[in-house]
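Taking it in order: structure first as structure tokens, then the write-up.
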Amino acid sequence: MSDSETVPSAASDTAPTAAAETRETPRSAPALPQEALKIASGYAFTGPALDLGALLWDGPCLPDVQIRIPLPMLNRHGLVAGATGTGKTKTLQLIAEQLSAQGVPVFLADIKGDVSGVSAPGVSNDRVQERARDVHQEWTPTGCPAEFYALGGMGHGIPVRATITSFGPVLLSKVLQLNQTQEQSLGLIFHYADQKGLDLVDLKDLRAVVAFLTSDEGKQELKGIGGLSTATAGVILRSLTAFEAQGMSPFFGEPEFDTSELLRTASQGRGVVSVLELPEVQDKPQLFSTFLMWLLADLFHDLPEVGDADKPKLVFFFDEAHLLFNDASKAFLDSITQTVRLIRSKGVGVFFVTQTPKDVPGDVLAQLGNRVQHALRAFTPDDQKALKATVKTFPNSGYDLEEVLTGLGTGEAVVTVLSEKGAPTPVAVTRLRAPQSLMGPVEEGVLDQVVKGSSLYGRYAQAVDRESAYEKLTAAQAQAPEPPRPASRAKARETKESKEPREPREPREEASVVEQVVGSGLFKSLARSVGTQIGREITRSLFGTARRRR
């Protein structure tokens with residue numbers, strides 16, 4: 001992180017250094033090659049910006065040409081891509097700590113458990129000092145104010161949970177790996193629950209409602225909105241059962257996480273870096289990638305329009321983005337595209353992090369104005385196709401990008417961003433700065449201490465199981481009168497002989513538990529009363545997620 005006037009240092013208030021003074025040099029440095037001067041002019045911004053590193057041209061590093069991102073353009077979204085081990089995580093850390101210093105909150109997903117170091121000052125060594133000299137960086141060890149979260153409390157972090165109602169049918173279908181027909185049927189189930197005020201807080205609530213809607217009376221209730229086949233309901237029930245068997249229940253419930261917690265700043269005015277610790281669930285990629293989308297969708301619902309602001313309200317880094325798009329339905333992809341397109345005007349920037357641009361659908365990729373592309377490998381025919389496709393996504397430049405992208409070292413990248421006027425900057429091969437926070441995980445004991453010392457821990461640590469759809473259905477079942485037993489044949493003959501002649505009725509089979517419940521007066525009264533309350537207060541967004549009152 002630079003100690004220049006555009007990125008205030010957290011450690012000291014020193015005078016402008018050589019790194020800051022050199023920003024005027026490109027305009028008058030005749031020693032620079034003509035192409036390098038053109039690139040330099042494209043990054044000579046006058047307003048606040050984040051410093052990425054120094055230009056690489058024809059081999060040497062040119063520290064007089066600083067490559068930067070204008071702060072107001074961070075809500076125009078971005079892509080950080082590159083093969084494994086090329087430095088993507090350190091690039092996220094570099095950007096995150098500078099955003100924090102500028103007062104912008106940041107959200108990071110920590111898949112491998114190595115981002116927690118953003119909260120601690122870095123440790124100097126020969127490699128760090130060499131990198132700092134190469135790019136004219138005044139390197140000062142500095143940690144960021146941070147909060148750590150964990151999905152469902154699995155891992156080191158404040159538990160993050162969502163209610164089933166809030167998560168919505170589209171995202172849940174992605175997690176359950178339902179097909180389009182089953183996704184639509186699940187949407188009908190959510191719609192019915194919304195209308196009747198049957199709170200879907202956790203997985204057992206959803207199972208209870210599905211069981212009701214497969215009953216005779218339930219089918220009639222749902223008939224007006226398209227109906228639900230028993231076979232499809234059975235598939236959904238089996239998927240839910242398998243989902244629970246995989247240990248997924250802790251992720252859904254209350255207290256539900258309030259995504260406005262991600263928008264906080266610390267007392268010094270620095271933005272809080274929120275780190276979602278995912279090592280404990282990295283074997284559940286469908287779950288955590290979809291959960292990240294829920295966080296983003298929930299922010300989209302609640303934030304007001306701000307237009308083009310001086311700086312973002314939040315920058316959201318979406319790691320392992322390819323997991324989100326794999327096997328996604330068209331409705332899901334359309335919703336992602338809409339969310340990314342529209343959330344910009346609410347002051348939120350989204351950076352997708354993955355290996356190659358081809359991992360991101362074209363409609364989404366077109367929304368990503370800032371690009372940091374680390375090295376790619378070309379060992380296989382598929383790798384070579386991906387390399388050629390990646391090169392085509394960049395503006396024309398004086399570089400042979402196919403050669404450059406396969407020859408970049410760790411901590412080097414091809415960069416193009418949006419200028420202060422919103423136009424793409426020249427392609428710049430860049431040697432990136434070293435993060436000033438710890439490049440590695442903090443000790444588990446320290447992490448636990450930070451988590452339990454947070455003001456948010458008491459609010460979210462303990463799960464709460466309040467009355468919801470399951471409890472209401474169970475209560476209705478308990479109040480239901482016991483159905484009459486079918487008469488025996490002998491008794492039926494006696495009754496027939498003792499009364500006036502009439503056609504005998506076939507004995508009725510004993511009603512199922514669900515039929516007893518929904519047939520009771522209590523349940524019908526419940527459905528009528530609650531249907532005018534919560535159901536009217538729930539509206540659903542692009543993903544079918546519920547907008548909640550704060």
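We label chains A, B, ... in the order they appear in the structure tokens, count residues from 1 in each chain, and number ligands from 1 in the order shown.
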6 Å contact set for A:Ala54, only C-alpha atoms, chain neighbours under 6 positions out, as a ChimeraX atom specification: /A:63,65-67,135,430-431
Quick one: write out the picked residues with N, CA, C and O atoms as a PDB file, in the first residue's frame?
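Result file selection.pdb:
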```
ATOM      1  N   PRO A  63       9.708   1.648 -12.497  1.00  0.00           N
ATOM      2  CA  PRO A  63       8.985   2.131 -11.313  1.00  0.00           C
ATOM      3  C   PRO A  63       8.440   3.536 -11.462  1.00  0.00           C
ATOM      4  O   PRO A  63       7.571   3.947 -10.687  1.00  0.00           O
ATOM      5  N   VAL A  65       6.569   4.439 -13.745  1.00  0.00           N
ATOM      6  CA  VAL A  65       5.221   4.299 -14.307  1.00  0.00           C
ATOM      7  C   VAL A  65       4.403   3.436 -13.347  1.00  0.00           C
ATOM      8  O   VAL A  65       4.521   2.212 -13.324  1.00  0.00           O
ATOM      9  N   GLN A  66       3.581   4.098 -12.537  1.00  0.00           N
ATOM     10  CA  GLN A  66       2.770   3.408 -11.545  1.00  0.00           C
ATOM     11  C   GLN A  66       1.404   3.039 -12.148  1.00  0.00           C
ATOM     12  O   GLN A  66       0.744   3.871 -12.779  1.00  0.00           O
ATOM     13  N   ILE A  67       1.012   1.792 -11.958  1.00  0.00           N
ATOM     14  CA  ILE A  67      -0.269   1.288 -12.465  1.00  0.00           C
ATOM     15  C   ILE A  67      -1.275   1.320 -11.320  1.00  0.00           C
ATOM     16  O   ILE A  67      -1.026   0.765 -10.245  1.00  0.00           O
ATOM     17  N   VAL A 135       9.449  -1.660  -7.252  1.00  0.00           N
ATOM     18  CA  VAL A 135       8.259  -0.900  -7.663  1.00  0.00           C
ATOM     19  C   VAL A 135       8.158   0.449  -6.961  1.00  0.00           C
ATOM     20  O   VAL A 135       7.133   1.136  -7.062  1.00  0.00           O
ATOM     21  N   THR A 430       2.325  -5.679 -15.302  1.00  0.00           N
ATOM     22  CA  THR A 430       2.603  -5.005 -14.036  1.00  0.00           C
ATOM     23  C   THR A 430       3.297  -5.930 -13.046  1.00  0.00           C
ATOM     24  O   THR A 430       2.895  -7.090 -12.885  1.00  0.00           O
ATOM     25  N   ARG A 431       4.324  -5.406 -12.399  1.00  0.00           N
ATOM     26  CA  ARG A 431       4.887  -6.083 -11.226  1.00  0.00           C
ATOM     27  C   ARG A 431       4.167  -5.517 -10.009  1.00  0.00           C
ATOM     28  O   ARG A 431       4.254  -4.309  -9.729  1.00  0.00           O
TER      29      ARG A 431
END
```
Can you pull out the residues contacting stretch 367-371 of chain A? Cut-off 10 Å, using only C-alpha atoms, and skip same-chain residues under 3 positions away; I want them as a ChimeraX atom specification. /A:69,73-81,337,340-341,344,349-352,357,362-364,374,393-394,413-419,422-425,427
For the residues in the current selection, export N, CA, C and O atoms as a short mmCIF file (atom, residue, chain, number, x, y, z; two decimals), in the first residue's frame.
```
data_model
loop_
_atom_site.label_atom_id
_atom_site.label_comp_id
_atom_site.auth_asym_id
_atom_site.auth_seq_id
_atom_site.Cartn_x
_atom_site.Cartn_y
_atom_site.Cartn_z
N ILE A 69 -5.71 1.97 -9.94
CA ILE A 69 -7.15 1.88 -10.20
C ILE A 69 -7.83 3.06 -9.54
O ILE A 69 -7.70 3.24 -8.32
N MET A 73 -13.99 3.99 -9.53
CA MET A 73 -14.28 2.96 -10.55
C MET A 73 -14.34 1.54 -9.97
O MET A 73 -14.58 0.59 -10.69
N LEU A 74 -14.12 1.42 -8.66
CA LEU A 74 -14.15 0.08 -8.06
C LEU A 74 -15.55 -0.52 -8.05
O LEU A 74 -15.71 -1.74 -7.93
N ASN A 75 -16.59 0.33 -8.17
CA ASN A 75 -17.95 -0.23 -8.24
C ASN A 75 -18.34 -0.61 -9.66
O ASN A 75 -19.48 -1.00 -9.91
N ARG A 76 -17.39 -0.52 -10.60
CA ARG A 76 -17.63 -0.99 -11.97
C ARG A 76 -17.20 -2.45 -12.13
O ARG A 76 -17.09 -2.96 -13.23
N HIS A 77 -16.94 -3.09 -10.99
CA HIS A 77 -16.67 -4.53 -10.94
C HIS A 77 -15.33 -4.90 -11.57
O HIS A 77 -14.66 -4.06 -12.19
N GLY A 78 -14.94 -6.14 -11.37
CA GLY A 78 -13.65 -6.55 -11.89
C GLY A 78 -13.46 -8.06 -11.88
O GLY A 78 -14.30 -8.82 -11.39
N LEU A 79 -12.34 -8.46 -12.44
CA LEU A 79 -11.97 -9.87 -12.53
C LEU A 79 -10.50 -10.01 -12.14
O LEU A 79 -9.65 -9.28 -12.64
N VAL A 80 -10.23 -10.92 -11.22
CA VAL A 80 -8.86 -11.30 -10.89
C VAL A 80 -8.73 -12.77 -11.28
O VAL A 80 -9.42 -13.62 -10.71
N ALA A 81 -7.88 -13.06 -12.25
CA ALA A 81 -7.80 -14.42 -12.78
C ALA A 81 -6.35 -14.87 -12.87
O ALA A 81 -5.42 -14.06 -12.84
N THR A 337 -26.54 -12.08 -13.73
CA THR A 337 -26.25 -10.98 -14.66
C THR A 337 -26.99 -9.71 -14.25
O THR A 337 -26.40 -8.61 -14.22
N VAL A 340 -25.45 -8.23 -10.92
CA VAL A 340 -24.16 -7.56 -11.14
C VAL A 340 -24.36 -6.25 -11.88
O VAL A 340 -23.73 -5.23 -11.58
N ARG A 341 -25.26 -6.25 -12.85
CA ARG A 341 -25.50 -5.04 -13.64
C ARG A 341 -26.10 -3.92 -12.78
O ARG A 341 -25.73 -2.75 -12.93
N ARG A 344 -24.23 -2.06 -9.09
CA ARG A 344 -23.25 -0.98 -9.23
C ARG A 344 -23.83 0.35 -8.77
O ARG A 344 -23.15 1.13 -8.09
N GLY A 349 -19.11 -2.81 -5.47
CA GLY A 349 -18.28 -3.36 -6.52
C GLY A 349 -18.08 -4.85 -6.28
O GLY A 349 -17.89 -5.28 -5.14
N VAL A 350 -18.12 -5.64 -7.34
CA VAL A 350 -17.96 -7.09 -7.24
C VAL A 350 -16.77 -7.51 -8.09
O VAL A 350 -16.71 -7.20 -9.28
N PHE A 351 -15.84 -8.21 -7.47
CA PHE A 351 -14.69 -8.77 -8.18
C PHE A 351 -14.81 -10.30 -8.17
O PHE A 351 -14.86 -10.91 -7.10
N PHE A 352 -14.89 -10.88 -9.35
CA PHE A 352 -14.90 -12.34 -9.46
C PHE A 352 -13.46 -12.83 -9.54
O PHE A 352 -12.65 -12.27 -10.27
N PRO A 357 -10.90 -16.12 -17.74
CA PRO A 357 -12.15 -15.39 -18.02
C PRO A 357 -13.25 -16.29 -18.57
O PRO A 357 -14.44 -15.99 -18.40
N GLY A 362 -20.36 -14.86 -20.61
CA GLY A 362 -20.09 -13.64 -21.36
C GLY A 362 -20.87 -12.43 -20.89
O GLY A 362 -20.33 -11.31 -20.82
N ASP A 363 -22.16 -12.63 -20.55
CA ASP A 363 -22.98 -11.49 -20.12
C ASP A 363 -22.50 -10.91 -18.80
O ASP A 363 -22.66 -9.71 -18.54
N VAL A 364 -21.93 -11.75 -17.94
CA VAL A 364 -21.37 -11.27 -16.68
C VAL A 364 -20.00 -10.64 -16.93
O VAL A 364 -19.69 -9.57 -16.41
N HIS A 374 -3.40 -12.79 -13.96
CA HIS A 374 -2.12 -13.42 -13.65
C HIS A 374 -1.78 -14.46 -14.71
O HIS A 374 -2.52 -14.65 -15.68
N THR A 393 -10.07 -11.06 -24.90
CA THR A 393 -10.88 -10.22 -24.01
C THR A 393 -10.19 -8.92 -23.65
O THR A 393 -10.80 -8.06 -22.99
N PHE A 394 -8.91 -8.75 -24.04
CA PHE A 394 -8.18 -7.53 -23.72
C PHE A 394 -8.18 -6.56 -24.91
O PHE A 394 -8.25 -6.99 -26.06
N ALA A 413 1.17 -9.42 -13.33
CA ALA A 413 -0.13 -9.57 -13.96
C ALA A 413 -0.30 -8.59 -15.11
O ALA A 413 0.38 -7.56 -15.17
N VAL A 414 -1.21 -8.93 -16.01
CA VAL A 414 -1.63 -8.03 -17.07
C VAL A 414 -2.85 -7.27 -16.56
O VAL A 414 -3.82 -7.87 -16.10
N VAL A 415 -2.79 -5.94 -16.65
CA VAL A 415 -3.81 -5.10 -16.03
C VAL A 415 -4.44 -4.17 -17.07
O VAL A 415 -3.74 -3.61 -17.93
N THR A 416 -5.73 -4.02 -17.00
CA THR A 416 -6.45 -2.92 -17.65
C THR A 416 -7.64 -2.57 -16.77
O THR A 416 -8.31 -3.47 -16.25
N VAL A 417 -7.87 -1.30 -16.55
CA VAL A 417 -8.95 -0.85 -15.66
C VAL A 417 -9.74 0.24 -16.37
O VAL A 417 -9.42 0.62 -17.50
N LEU A 418 -10.74 0.75 -15.70
CA LEU A 418 -11.49 1.89 -16.23
C LEU A 418 -10.90 3.18 -15.69
O LEU A 418 -10.64 3.30 -14.49
N SER A 419 -10.68 4.12 -16.57
CA SER A 419 -10.13 5.41 -16.15
C SER A 419 -11.20 6.21 -15.42
O SER A 419 -12.36 5.79 -15.30
N GLY A 422 -14.21 6.54 -17.29
CA GLY A 422 -14.94 5.32 -17.62
C GLY A 422 -14.46 4.60 -18.86
O GLY A 422 -15.09 3.63 -19.30
N ALA A 423 -13.34 5.03 -19.44
CA ALA A 423 -12.78 4.38 -20.63
C ALA A 423 -11.71 3.38 -20.21
O ALA A 423 -11.01 3.60 -19.22
N PRO A 424 -11.55 2.28 -20.97
CA PRO A 424 -10.50 1.31 -20.63
C PRO A 424 -9.11 1.93 -20.74
O PRO A 424 -8.81 2.66 -21.69
N THR A 425 -8.27 1.62 -19.79
CA THR A 425 -6.88 2.08 -19.84
C THR A 425 -6.05 1.15 -20.73
O THR A 425 -6.48 0.02 -21.02
N VAL A 427 -3.45 -1.63 -21.88
CA VAL A 427 -2.99 -2.86 -21.25
C VAL A 427 -1.59 -2.64 -20.68
O VAL A 427 -0.71 -2.10 -21.37
#
```
Neighbouring residues of A:Lys88 were defined as those with any atom within 10 Å, considering only C-alpha atoms; residues of the same chain fewer than 6 positions away were excluded. Please report them as a CSV table (one decimal) with all heavy atoms, in the first residue's frame.
```csv
chain,number,residue,atom,x,y,z
A,80,VAL,N,-10.2,-10.9,-11.2
A,80,VAL,CA,-8.9,-11.3,-10.9
A,80,VAL,C,-8.7,-12.8,-11.3
A,80,VAL,O,-9.4,-13.6,-10.7
A,80,VAL,CB,-8.5,-11.1,-9.4
A,80,VAL,CG1,-7.1,-11.6,-9.1
A,80,VAL,CG2,-8.7,-9.6,-9.0
A,81,ALA,N,-7.9,-13.1,-12.2
A,81,ALA,CA,-7.8,-14.4,-12.8
A,81,ALA,C,-6.4,-14.9,-12.9
A,81,ALA,O,-5.4,-14.1,-12.8
A,81,ALA,CB,-8.5,-14.5,-14.2
A,82,GLY,N,-6.2,-16.2,-13.0
A,82,GLY,CA,-4.8,-16.7,-13.1
A,82,GLY,C,-4.8,-18.1,-12.6
A,82,GLY,O,-5.6,-18.6,-11.9
A,94,LEU,N,-3.7,-7.2,-1.4
A,94,LEU,CA,-3.2,-5.8,-1.7
A,94,LEU,C,-4.3,-4.8,-1.9
A,94,LEU,O,-4.3,-3.7,-1.4
A,94,LEU,CB,-2.3,-6.0,-3.0
A,94,LEU,CG,-1.8,-4.7,-3.6
A,94,LEU,CD1,-0.8,-4.0,-2.6
A,94,LEU,CD2,-1.1,-4.9,-4.9
A,319,ASP,N,-14.6,-15.3,-4.6
A,319,ASP,CA,-13.5,-16.3,-4.9
A,319,ASP,C,-14.1,-17.6,-5.4
A,319,ASP,O,-15.3,-17.9,-5.2
A,319,ASP,CB,-12.7,-16.6,-3.6
A,319,ASP,CG,-11.3,-17.0,-4.0
A,319,ASP,OD1,-11.0,-17.2,-5.2
A,319,ASP,OD2,-10.5,-17.3,-3.0
A,353,VAL,N,-13.2,-13.9,-8.8
A,353,VAL,CA,-11.8,-14.4,-8.8
A,353,VAL,C,-11.9,-15.9,-9.3
A,353,VAL,O,-12.6,-16.7,-8.7
A,353,VAL,CB,-11.3,-14.4,-7.3
A,353,VAL,CG1,-9.8,-14.9,-7.3
A,353,VAL,CG2,-11.4,-13.0,-6.7
A,354,THR,N,-11.2,-16.2,-10.3
A,354,THR,CA,-11.2,-17.5,-10.9
A,354,THR,C,-9.9,-17.7,-11.7
A,354,THR,O,-9.0,-16.9,-11.6
A,354,THR,CB,-12.4,-17.7,-11.8
A,354,THR,OG1,-12.6,-19.0,-12.2
A,354,THR,CG2,-12.4,-16.8,-13.0
A,355,GLN,N,-9.9,-18.8,-12.5
A,355,GLN,CA,-8.6,-19.1,-13.2
A,355,GLN,C,-8.5,-18.4,-14.6
A,355,GLN,O,-7.5,-17.9,-14.9
A,355,GLN,CB,-8.4,-20.6,-13.3
A,355,GLN,CG,-8.2,-21.3,-12.0
A,355,GLN,CD,-7.6,-22.6,-12.0
A,355,GLN,OE1,-7.2,-23.1,-13.1
A,355,GLN,NE2,-7.3,-23.3,-10.9
A,372,VAL,N,-7.4,-7.9,-13.7
A,372,VAL,CA,-6.0,-8.2,-13.3
A,372,VAL,C,-5.8,-9.7,-13.6
A,372,VAL,O,-6.4,-10.6,-13.0
A,372,VAL,CB,-5.8,-8.0,-11.8
A,372,VAL,CG1,-4.4,-8.3,-11.4
A,372,VAL,CG2,-6.1,-6.5,-11.4
A,373,GLN,N,-5.1,-10.0,-14.7
A,373,GLN,CA,-4.9,-11.3,-15.2
A,373,GLN,C,-3.5,-11.8,-14.9
A,373,GLN,O,-2.5,-11.3,-15.4
A,373,GLN,CB,-5.1,-11.4,-16.7
A,373,GLN,CG,-4.9,-12.7,-17.3
A,373,GLN,CD,-5.9,-13.8,-16.9
A,373,GLN,OE1,-7.1,-13.6,-17.1
A,373,GLN,NE2,-5.4,-14.9,-16.3
A,374,HIS,N,-3.4,-12.8,-14.0
A,374,HIS,CA,-2.1,-13.4,-13.6
A,374,HIS,C,-1.8,-14.5,-14.7
A,374,HIS,O,-2.5,-14.6,-15.7
A,374,HIS,CB,-2.2,-14.0,-12.3
A,374,HIS,CG,-2.2,-13.0,-11.1
A,374,HIS,ND1,-1.0,-12.7,-10.5
A,374,HIS,CD2,-3.2,-12.3,-10.5
A,374,HIS,CE1,-1.3,-11.8,-9.6
A,374,HIS,NE2,-2.6,-11.6,-9.6
A,375,ALA,N,-0.7,-15.2,-14.5
A,375,ALA,CA,-0.2,-16.1,-15.5
A,375,ALA,C,-1.1,-17.2,-15.8
A,375,ALA,O,-1.9,-17.7,-14.9
A,375,ALA,CB,1.2,-16.7,-15.1
A,410,THR,N,5.3,-15.1,-10.5
A,410,THR,CA,4.4,-14.9,-9.3
A,410,THR,C,4.4,-13.4,-8.9
A,410,THR,O,5.4,-12.8,-8.8
A,410,THR,CB,4.8,-15.8,-8.2
A,410,THR,OG1,4.9,-17.1,-8.6
A,410,THR,CG2,3.9,-15.6,-7.0
A,411,GLY,N,3.2,-12.9,-8.7
A,411,GLY,CA,3.1,-11.5,-8.3
A,411,GLY,C,3.2,-10.5,-9.5
A,411,GLY,O,3.4,-9.3,-9.3
A,412,GLU,N,3.0,-11.0,-10.7
A,412,GLU,CA,3.0,-10.2,-11.9
A,412,GLU,C,1.7,-10.4,-12.6
A,412,GLU,O,1.1,-11.5,-12.6
A,412,GLU,CB,4.2,-10.5,-12.8
A,412,GLU,CG,5.5,-10.2,-12.2
A,412,GLU,CD,6.7,-10.5,-13.1
A,412,GLU,OE1,6.5,-11.3,-14.1
A,412,GLU,OE2,7.8,-10.1,-12.7
A,413,ALA,N,1.2,-9.4,-13.3
A,413,ALA,CA,-0.1,-9.6,-14.0
A,413,ALA,C,-0.3,-8.6,-15.1
A,413,ALA,O,0.4,-7.6,-15.2
A,413,ALA,CB,-1.3,-9.3,-12.9
```
Expected answer as an MDAnalysis selection string: helix (DSSP H, G or I) residues in stretch 224-344 of chain A: chainID A and resid 230:245 249:251 259:263 279:281 285:302 322:325 330:344
DSSP strand (DSSP E) residues within stretch 279-362 of chain A, as a VMD selection string: chain A and resid 314 to 318 348 to 354
Can you tell me, as a list in words, what residues are no more than 9 Å from stretch 178-184 of chain A when counting only C-alpha atoms, ignoring any on the same chain fewer than 6 positions away?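 What passes the distance filter is Pro169, Val170, Leu172, Thr232, Ala233, Val235, Ile236, Ser239, Ser329, Lys330 and Ala331 of chain A.
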Go ahead and save the residues from that selection, with N, CA, C and O atoms, as a short mmCIF file (atom, residue, chain, number, x, y, z; two decimals), in the first residue's frame.
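selection-v3.cif, freshly written:
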```cif
data_model
loop_
_atom_site.label_atom_id
_atom_site.label_comp_id
_atom_site.auth_asym_id
_atom_site.auth_seq_id
_atom_site.Cartn_x
_atom_site.Cartn_y
_atom_site.Cartn_z
N PRO A 169 -36.13 -19.94 -3.40
CA PRO A 169 -36.17 -21.19 -4.17
C PRO A 169 -35.10 -21.32 -5.24
O PRO A 169 -34.64 -22.42 -5.53
N VAL A 170 -34.69 -20.22 -5.86
CA VAL A 170 -33.71 -20.32 -6.96
C VAL A 170 -32.35 -20.73 -6.43
O VAL A 170 -31.70 -21.65 -6.94
N LEU A 172 -31.74 -22.11 -3.49
CA LEU A 172 -31.84 -23.43 -2.86
C LEU A 172 -31.85 -24.53 -3.92
O LEU A 172 -31.27 -25.60 -3.72
N THR A 232 -42.71 -35.02 -8.24
CA THR A 232 -41.75 -33.92 -8.09
C THR A 232 -41.54 -33.59 -6.62
O THR A 232 -40.40 -33.35 -6.18
N ALA A 233 -42.63 -33.58 -5.85
CA ALA A 233 -42.51 -33.32 -4.41
C ALA A 233 -41.65 -34.38 -3.75
O ALA A 233 -40.85 -34.10 -2.86
N VAL A 235 -39.18 -36.01 -5.15
CA VAL A 235 -37.79 -35.73 -5.49
C VAL A 235 -37.23 -34.63 -4.59
O VAL A 235 -36.10 -34.72 -4.08
N ILE A 236 -38.03 -33.59 -4.38
CA ILE A 236 -37.60 -32.48 -3.53
C ILE A 236 -37.37 -32.96 -2.10
O ILE A 236 -36.36 -32.61 -1.46
N SER A 239 -34.19 -34.95 -1.94
CA SER A 239 -33.03 -34.06 -2.04
C SER A 239 -32.78 -33.35 -0.72
O SER A 239 -31.63 -33.21 -0.29
N SER A 329 -28.67 -23.07 -13.87
CA SER A 329 -29.81 -22.95 -14.77
C SER A 329 -29.78 -21.58 -15.46
O SER A 329 -29.11 -20.65 -15.00
N LYS A 330 -30.54 -21.46 -16.54
CA LYS A 330 -30.60 -20.18 -17.24
C LYS A 330 -31.18 -19.09 -16.34
O LYS A 330 -30.70 -17.95 -16.34
N ALA A 331 -32.19 -19.45 -15.56
CA ALA A 331 -32.79 -18.47 -14.65
C ALA A 331 -31.76 -17.97 -13.65
O ALA A 331 -31.71 -16.78 -13.32
#
```
Find the spatial neighbours of A:Val115, counting only C-alpha atoms, within a cut-off of 7 Å - ignore same-chain residues fewer than 3 positions away - and output them as a compact mmCIF listing (two decimals) with all heavy atoms, in the first residue's frame.
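Listing of out.txt after writing:
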```txt
# COMPACT_ATOMS: atom_id res chain seq x y z
N ASP A 110 -12.49 -16.66 2.24
CA ASP A 110 -11.20 -17.31 2.47
C ASP A 110 -11.36 -18.81 2.28
O ASP A 110 -11.71 -19.53 3.22
CB ASP A 110 -10.70 -16.98 3.88
CG ASP A 110 -9.29 -17.49 4.14
OD1 ASP A 110 -8.67 -17.99 3.18
OD2 ASP A 110 -8.83 -17.38 5.29
N VAL A 118 -4.70 -10.75 6.82
CA VAL A 118 -4.99 -9.35 6.49
C VAL A 118 -5.22 -8.52 7.75
O VAL A 118 -5.09 -7.30 7.74
CB VAL A 118 -6.23 -9.28 5.56
CG1 VAL A 118 -7.51 -9.58 6.32
CG2 VAL A 118 -6.31 -7.94 4.86
N GLY A 440 -0.22 -14.75 4.97
CA GLY A 440 -0.40 -16.09 5.51
C GLY A 440 -1.43 -16.04 6.62
O GLY A 440 -1.90 -14.97 7.00
N PRO A 441 -1.82 -17.19 7.15
CA PRO A 441 -2.85 -17.21 8.20
C PRO A 441 -2.31 -16.78 9.55
O PRO A 441 -1.12 -16.94 9.84
CB PRO A 441 -3.28 -18.69 8.23
CG PRO A 441 -2.07 -19.44 7.77
CD PRO A 441 -1.39 -18.56 6.75
```
Measuring atom to atom with only C-alpha atoms, identify which of A:Thr259, A:Ser124, A:Gln268, A:Gln177 is nearest to A:Leu299.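 Once distances to A:Leu299 are computed over only C-alpha atoms, the minimum belongs to A:Thr259.
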Taking only C-alpha atoms into account, name the residue in A:Phe148, A:Phe107, A:Trp139, A:Phe379 that is nearest to A:Ser119.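 Nearest candidate to A:Ser119 out of A:Phe148, A:Phe107, A:Trp139, A:Phe379: A:Phe148.
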Pick from A:Arg68, A:Arg270, A:Lys346, A:His191 nearest to A:Ile39, counting only C-alpha atoms: A:Arg68
